[in-house]
Amino acid sequence: MPSPASAPGPAPRGSRRPRAVTALLLAALLSTLATACAGGSGRSDGGRPPVTLAASDHLGGAPVYVAQEHALWSAEGVDATVTTQPSGRDALNAVLGGQAQFGVVGDLPAVTAALGGRDLRIVADLSRFSDWRLLTRTDAGVGGFAALKGRKVGVPRGTNVEYALSRMLASARLTAADVTLVNLAPNQVTSALARGDVDAGVTFPSFYGAARTALGDRYAELPYSGYTARTLLVAGPSATPQGTAAVLRTLLRAQREIGEDPAAARRAVLAQSKGALEAAYVEAFQPRYTYGATLSPELLTQLTEEAAWAKTAQGMPGAADRAALSAYLNPGPLAAAAPGAVTVTAAG
């Protein structure tokens, strides 16, 4: 606090001090308004739209990892933060919980979220895959899907892997009520099989090799191609139109790179997996995925079928009809970015 001797006296008439104070207040107000406008526009300090994306399956979501490895996000003017979750169910939970604006998820998690009335939109169907295996042991005596009756089957519940199992059972006129389902994390199916805790299991393709190695001569499998799993890009309530357009623009560029140089794309996915995937698996299985962002009537038909199954098998609420599910599609951004990629119309 200044002493009386040094304290300033009253400002003389005509002083410029009030004008200086007014100028400072005006500058502060303009700065606040500029900051508010920048926040409302959804742009980062660098002028690029900031997006957060929770991914899962490395091969199904290969465009995301190619974009990461080849720096396509920044090349397309996007400030992206990408995290990898153990499953599409976990990626979806990150979106619904507000930790990510976008998610790369399987078809079944998206369906169950829609049935639950959650706030999300399906922006694109990124890839398709249908090379499934039921894993078992030679000493378990499971020579066909009908032999699963009365057996313990390990599966990560709530994922599209569970739906793949339901289709396997249906091919032998069985349902989940005919077996004992054991809920396991994707990486636990192999060890449960090896210990004899389960007689068979279904998990993500990235664990097929580990099961073969762990079981050795006891390894056995039953192939199944009657279900096409779809890897979807979904947007949560915090996603902005600008961010959605930026993400699609980047992933479409990555998709083109996958088509032009598949070998480079496999190297990119392997590098981005950071040791989670083996080179032999990536080389063998990535060519079995069909890439190409679309929104098609076939997707809507499949979502409707899965919704009917989820209501019966899992007691899910909500409407499972085609019109209700179509309301969860957001075809506008993809139609704008890639004319011809959208062949289905959303309801409403």
# chains A, B, ... in the order shown; residues from 1 in each chain; ligands from 1
>>> closest_atom_pairs(of="stretch 93-150 of chain A", to="stretch 46-61 of chain A", cutoff="6 Å", atoms="only C-alpha atoms", output="Markdown table")
| residue | atom | partner | partner_atom | distance |
| --- | --- | --- | --- | --- |
| A:Ala100 | CA | A:Thr52 | CA | 4.9 |
| A:Gln101 | CA | A:Thr52 | CA | 5.3 |
| A:Phe102 | CA | A:Leu53 | CA | 4.6 |
| A:Gly103 | CA | A:Ala54 | CA | 4.7 |
| A:Val104 | CA | A:Ala55 | CA | 4.6 |
| A:Ser127 | CA | A:Gly60 | CA | 5.8 |
>>> closest_residue(among="A:Leu181, A:Gln68, A:Ala284, A:Arg256", to="A:Ala80", atoms="only C-alpha atoms")
A:Gln68
>>> residues_around(residues="A:Lys152", least_positions_apart="2", cutoff="12 Å", atoms="only C-alpha atoms", output="list of chain:residue names")
A:Thr136, A:Ala140, A:Val142, A:Ala147, A:Leu148, A:Lys149, A:Gly150, A:Gly154, A:Val155, A:Ala176, A:Ala177, A:Asp178, A:Val179, A:Thr180, A:Leu181, A:Val182, A:Asn183, A:Leu184, A:Val189, A:Ala192, A:Leu193, A:Gly196, A:Asp197, A:Val198, A:Asp199, A:Ala200, A:Gly201, A:Val202
>>> write_last_selection(atoms="C-alpha atoms", output="PDB file, in the first residue's frame")
ATOM      1  CA  THR A 136     -12.109 -75.351 -29.417  1.00  0.00           C
ATOM      2  CA  ALA A 140     -13.487 -81.323 -26.264  1.00  0.00           C
ATOM      3  CA  VAL A 142     -16.896 -80.349 -30.607  1.00  0.00           C
ATOM      4  CA  ALA A 147     -22.183 -80.396 -30.541  1.00  0.00           C
ATOM      5  CA  LEU A 148     -22.200 -77.144 -28.547  1.00  0.00           C
ATOM      6  CA  LYS A 149     -25.480 -78.102 -26.868  1.00  0.00           C
ATOM      7  CA  GLY A 150     -24.951 -78.301 -23.122  1.00  0.00           C
ATOM      8  CA  GLY A 154     -16.578 -68.323 -23.747  1.00  0.00           C
ATOM      9  CA  VAL A 155     -17.421 -65.048 -25.471  1.00  0.00           C
ATOM     10  CA  ALA A 176     -27.966 -69.264 -26.215  1.00  0.00           C
ATOM     11  CA  ALA A 177     -30.329 -71.130 -23.880  1.00  0.00           C
ATOM     12  CA  ASP A 178     -28.852 -74.405 -25.159  1.00  0.00           C
ATOM     13  CA  VAL A 179     -25.335 -73.552 -23.962  1.00  0.00           C
ATOM     14  CA  THR A 180     -23.701 -71.996 -20.917  1.00  0.00           C
ATOM     15  CA  LEU A 181     -22.275 -68.625 -21.921  1.00  0.00           C
ATOM     16  CA  VAL A 182     -19.178 -67.533 -20.013  1.00  0.00           C
ATOM     17  CA  ASN A 183     -18.493 -63.802 -20.292  1.00  0.00           C
ATOM     18  CA  LEU A 184     -14.781 -63.308 -20.962  1.00  0.00           C
ATOM     19  CA  VAL A 189     -10.835 -66.837 -24.260  1.00  0.00           C
ATOM     20  CA  ALA A 192      -9.897 -70.334 -20.570  1.00  0.00           C
ATOM     21  CA  LEU A 193      -9.800 -72.870 -23.400  1.00  0.00           C
ATOM     22  CA  GLY A 196     -10.498 -76.371 -19.741  1.00  0.00           C
ATOM     23  CA  ASP A 197     -12.758 -73.736 -18.177  1.00  0.00           C
ATOM     24  CA  VAL A 198     -14.765 -73.646 -21.414  1.00  0.00           C
ATOM     25  CA  ASP A 199     -15.261 -76.168 -24.198  1.00  0.00           C
ATOM     26  CA  ALA A 200     -15.240 -73.630 -26.993  1.00  0.00           C
ATOM     27  CA  GLY A 201     -14.972 -69.897 -27.514  1.00  0.00           C
ATOM     28  CA  VAL A 202     -15.430 -67.080 -29.977  1.00  0.00           C
TER      29      VAL A 202
END
>>> residues_around(residues="A:Asn160", least_positions_apart="4", cutoff="8 Å", atoms="only C-alpha atoms", output="list in words")
Gly106, Asp107, Leu108, Pro109, Ala164 and Ala229 of chain A
>>> residues_around(residues="A:Leu300", least_positions_apart="2", cutoff="9 Å", atoms="only C-alpha atoms", output="list in words")
Leu295, Ser296, Pro297, Glu298, Gln302, Leu303, Thr304, Glu305, Arg322, Leu325, Ser326, Leu329 and Val344 of chain A
>>> select_by_dssp(residues="stretch 159-305 of chain A", states="strand (DSSP E)", output="list in words")
Thr180, Leu181, Val182, Asn183, Ala200, Gly201, Tyr219, Ala220, Glu221, Leu222, Pro223, Tyr224, Ala229, Arg230, Thr231, Leu232, Leu233, Val234, Ala235, Thr290, Tyr291, Gly292, Ala293 and Thr294 of chain A
>>> residues_around(residues="A:Gly209", least_positions_apart="3", cutoff="10 Å", atoms="only C-alpha atoms", output="list in words")
Thr190, Pro205, Ser206, Arg212, Thr213, Ala214, Glu278, Ala280 and Tyr281 of chain A
>>> select_by_dssp(residues="stretch 148-343 of chain A", states="alpha helix (DSSP H)", output="ChimeraX atom specification")
/A:160-171,189-195,208-215,241-260,262-273,279-285,297-314,322-326,332-337
>>> write_last_selection(atoms="C-alpha atoms", output="mmCIF file, in the first residue's frame")
data_model
loop_
_atom_site.group_PDB
_atom_site.id
_atom_site.type_symbol
_atom_site.label_atom_id
_atom_site.label_comp_id
_atom_site.auth_asym_id
_atom_site.auth_seq_id
_atom_site.Cartn_x
_atom_site.Cartn_y
_atom_site.Cartn_z
ATOM 1 C CA ASN A 160 -20.444 -58.314 -32.274
ATOM 2 C CA VAL A 161 -18.536 -61.490 -31.398
ATOM 3 C CA GLU A 162 -21.515 -62.564 -29.290
ATOM 4 C CA TYR A 163 -23.795 -62.046 -32.254
ATOM 5 C CA ALA A 164 -21.431 -64.135 -34.416
ATOM 6 C CA LEU A 165 -21.820 -66.942 -31.869
ATOM 7 C CA SER A 166 -25.602 -66.610 -31.997
ATOM 8 C CA ARG A 167 -25.498 -67.101 -35.753
ATOM 9 C CA MET A 168 -23.276 -70.172 -35.361
ATOM 10 C CA LEU A 169 -25.759 -71.632 -32.890
ATOM 11 C CA ALA A 170 -28.703 -70.769 -35.129
ATOM 12 C CA SER A 171 -27.078 -72.652 -38.013
ATOM 13 C CA VAL A 189 -10.835 -66.837 -24.260
ATOM 14 C CA THR A 190 -7.558 -68.565 -25.171
ATOM 15 C CA SER A 191 -6.426 -69.125 -21.583
ATOM 16 C CA ALA A 192 -9.897 -70.334 -20.570
ATOM 17 C CA LEU A 193 -9.800 -72.870 -23.400
ATOM 18 C CA ALA A 194 -6.304 -74.028 -22.432
ATOM 19 C CA ARG A 195 -7.326 -74.538 -18.786
ATOM 20 C CA TYR A 208 -6.765 -66.799 -33.357
ATOM 21 C CA GLY A 209 -2.990 -67.146 -33.616
ATOM 22 C CA ALA A 210 -2.507 -66.969 -29.857
ATOM 23 C CA ALA A 211 -5.043 -69.767 -29.398
ATOM 24 C CA ARG A 212 -3.254 -71.948 -31.944
ATOM 25 C CA THR A 213 0.070 -71.368 -30.196
ATOM 26 C CA ALA A 214 -1.283 -71.941 -26.683
ATOM 27 C CA LEU A 215 -3.190 -75.125 -27.527
ATOM 28 C CA PRO A 241 -20.864 -30.845 -37.987
ATOM 29 C CA GLN A 242 -17.447 -29.347 -38.673
ATOM 30 C CA GLY A 243 -15.687 -32.118 -36.739
ATOM 31 C CA THR A 244 -17.751 -34.827 -38.431
ATOM 32 C CA ALA A 245 -16.878 -33.494 -41.872
ATOM 33 C CA ALA A 246 -13.191 -33.297 -40.936
ATOM 34 C CA VAL A 247 -13.076 -36.870 -39.611
ATOM 35 C CA LEU A 248 -14.805 -38.245 -42.706
ATOM 36 C CA ARG A 249 -12.550 -36.263 -45.020
ATOM 37 C CA THR A 250 -9.476 -37.727 -43.326
ATOM 38 C CA LEU A 251 -10.750 -41.311 -43.213
ATOM 39 C CA LEU A 252 -11.773 -41.211 -46.872
ATOM 40 C CA ARG A 253 -8.234 -40.136 -47.740
ATOM 41 C CA ALA A 254 -6.858 -42.997 -45.638
ATOM 42 C CA GLN A 255 -9.281 -45.368 -47.355
ATOM 43 C CA ARG A 256 -7.854 -44.343 -50.738
ATOM 44 C CA GLU A 257 -4.328 -44.985 -49.473
ATOM 45 C CA ILE A 258 -5.343 -48.483 -48.348
ATOM 46 C CA GLY A 259 -6.621 -49.223 -51.843
ATOM 47 C CA GLU A 260 -3.580 -47.764 -53.589
ATOM 48 C CA PRO A 262 -2.308 -52.288 -49.261
ATOM 49 C CA ALA A 263 1.167 -53.338 -48.121
ATOM 50 C CA ALA A 264 1.946 -49.853 -46.804
ATOM 51 C CA ALA A 265 -1.428 -49.835 -45.048
ATOM 52 C CA ARG A 266 -0.614 -53.126 -43.330
ATOM 53 C CA ARG A 267 2.710 -51.721 -42.148
ATOM 54 C CA ALA A 268 0.922 -48.638 -40.818
ATOM 55 C CA VAL A 269 -1.631 -50.692 -38.868
ATOM 56 C CA LEU A 270 1.114 -52.929 -37.462
ATOM 57 C CA ALA A 271 3.152 -49.914 -36.334
ATOM 58 C CA GLN A 272 0.133 -48.243 -34.742
ATOM 59 C CA SER A 273 -0.809 -51.421 -32.878
ATOM 60 C CA ALA A 279 2.885 -59.185 -38.388
ATOM 61 C CA ALA A 280 1.709 -62.614 -39.581
ATOM 62 C CA TYR A 281 -1.835 -61.885 -38.441
ATOM 63 C CA VAL A 282 -1.958 -58.490 -40.144
ATOM 64 C CA GLU A 283 -0.552 -59.936 -43.378
ATOM 65 C CA ALA A 284 -3.055 -62.795 -43.365
ATOM 66 C CA PHE A 285 -6.219 -61.048 -42.218
ATOM 67 C CA PRO A 297 -29.827 -50.585 -47.277
ATOM 68 C CA GLU A 298 -27.900 -53.794 -46.476
ATOM 69 C CA LEU A 299 -26.514 -52.137 -43.344
ATOM 70 C CA LEU A 300 -29.983 -51.079 -42.226
ATOM 71 C CA THR A 301 -31.347 -54.575 -42.851
ATOM 72 C CA GLN A 302 -28.582 -56.082 -40.735
ATOM 73 C CA LEU A 303 -29.093 -53.594 -37.912
ATOM 74 C CA THR A 304 -32.804 -54.439 -37.910
ATOM 75 C CA GLU A 305 -32.089 -58.182 -37.699
ATOM 76 C CA GLU A 306 -29.608 -57.666 -34.872
ATOM 77 C CA ALA A 307 -32.050 -55.451 -32.987
ATOM 78 C CA ALA A 308 -34.708 -58.175 -33.138
ATOM 79 C CA TRP A 309 -32.162 -60.690 -31.818
ATOM 80 C CA ALA A 310 -31.033 -58.336 -29.022
ATOM 81 C CA LYS A 311 -34.615 -57.807 -27.855
ATOM 82 C CA THR A 312 -35.247 -61.560 -27.714
ATOM 83 C CA ALA A 313 -31.879 -62.770 -26.427
ATOM 84 C CA GLN A 314 -30.906 -59.878 -24.177
ATOM 85 C CA ARG A 322 -36.487 -50.480 -39.703
ATOM 86 C CA ALA A 323 -37.875 -46.950 -39.398
ATOM 87 C CA ALA A 324 -36.788 -46.580 -35.768
ATOM 88 C CA LEU A 325 -33.244 -47.736 -36.515
ATOM 89 C CA SER A 326 -32.985 -45.623 -39.625
ATOM 90 C CA GLY A 332 -25.622 -36.094 -44.706
ATOM 91 C CA PRO A 333 -21.874 -35.743 -43.982
ATOM 92 C CA LEU A 334 -20.873 -38.853 -45.955
ATOM 93 C CA ALA A 335 -23.146 -37.926 -48.861
ATOM 94 C CA ALA A 336 -21.465 -34.520 -48.987
ATOM 95 C CA ALA A 337 -17.948 -35.936 -48.783
#
>>> atom_distance(atom1="atom CA of A:Tyr291", atom2="atom CA of A:Gly340")
15.2 Å
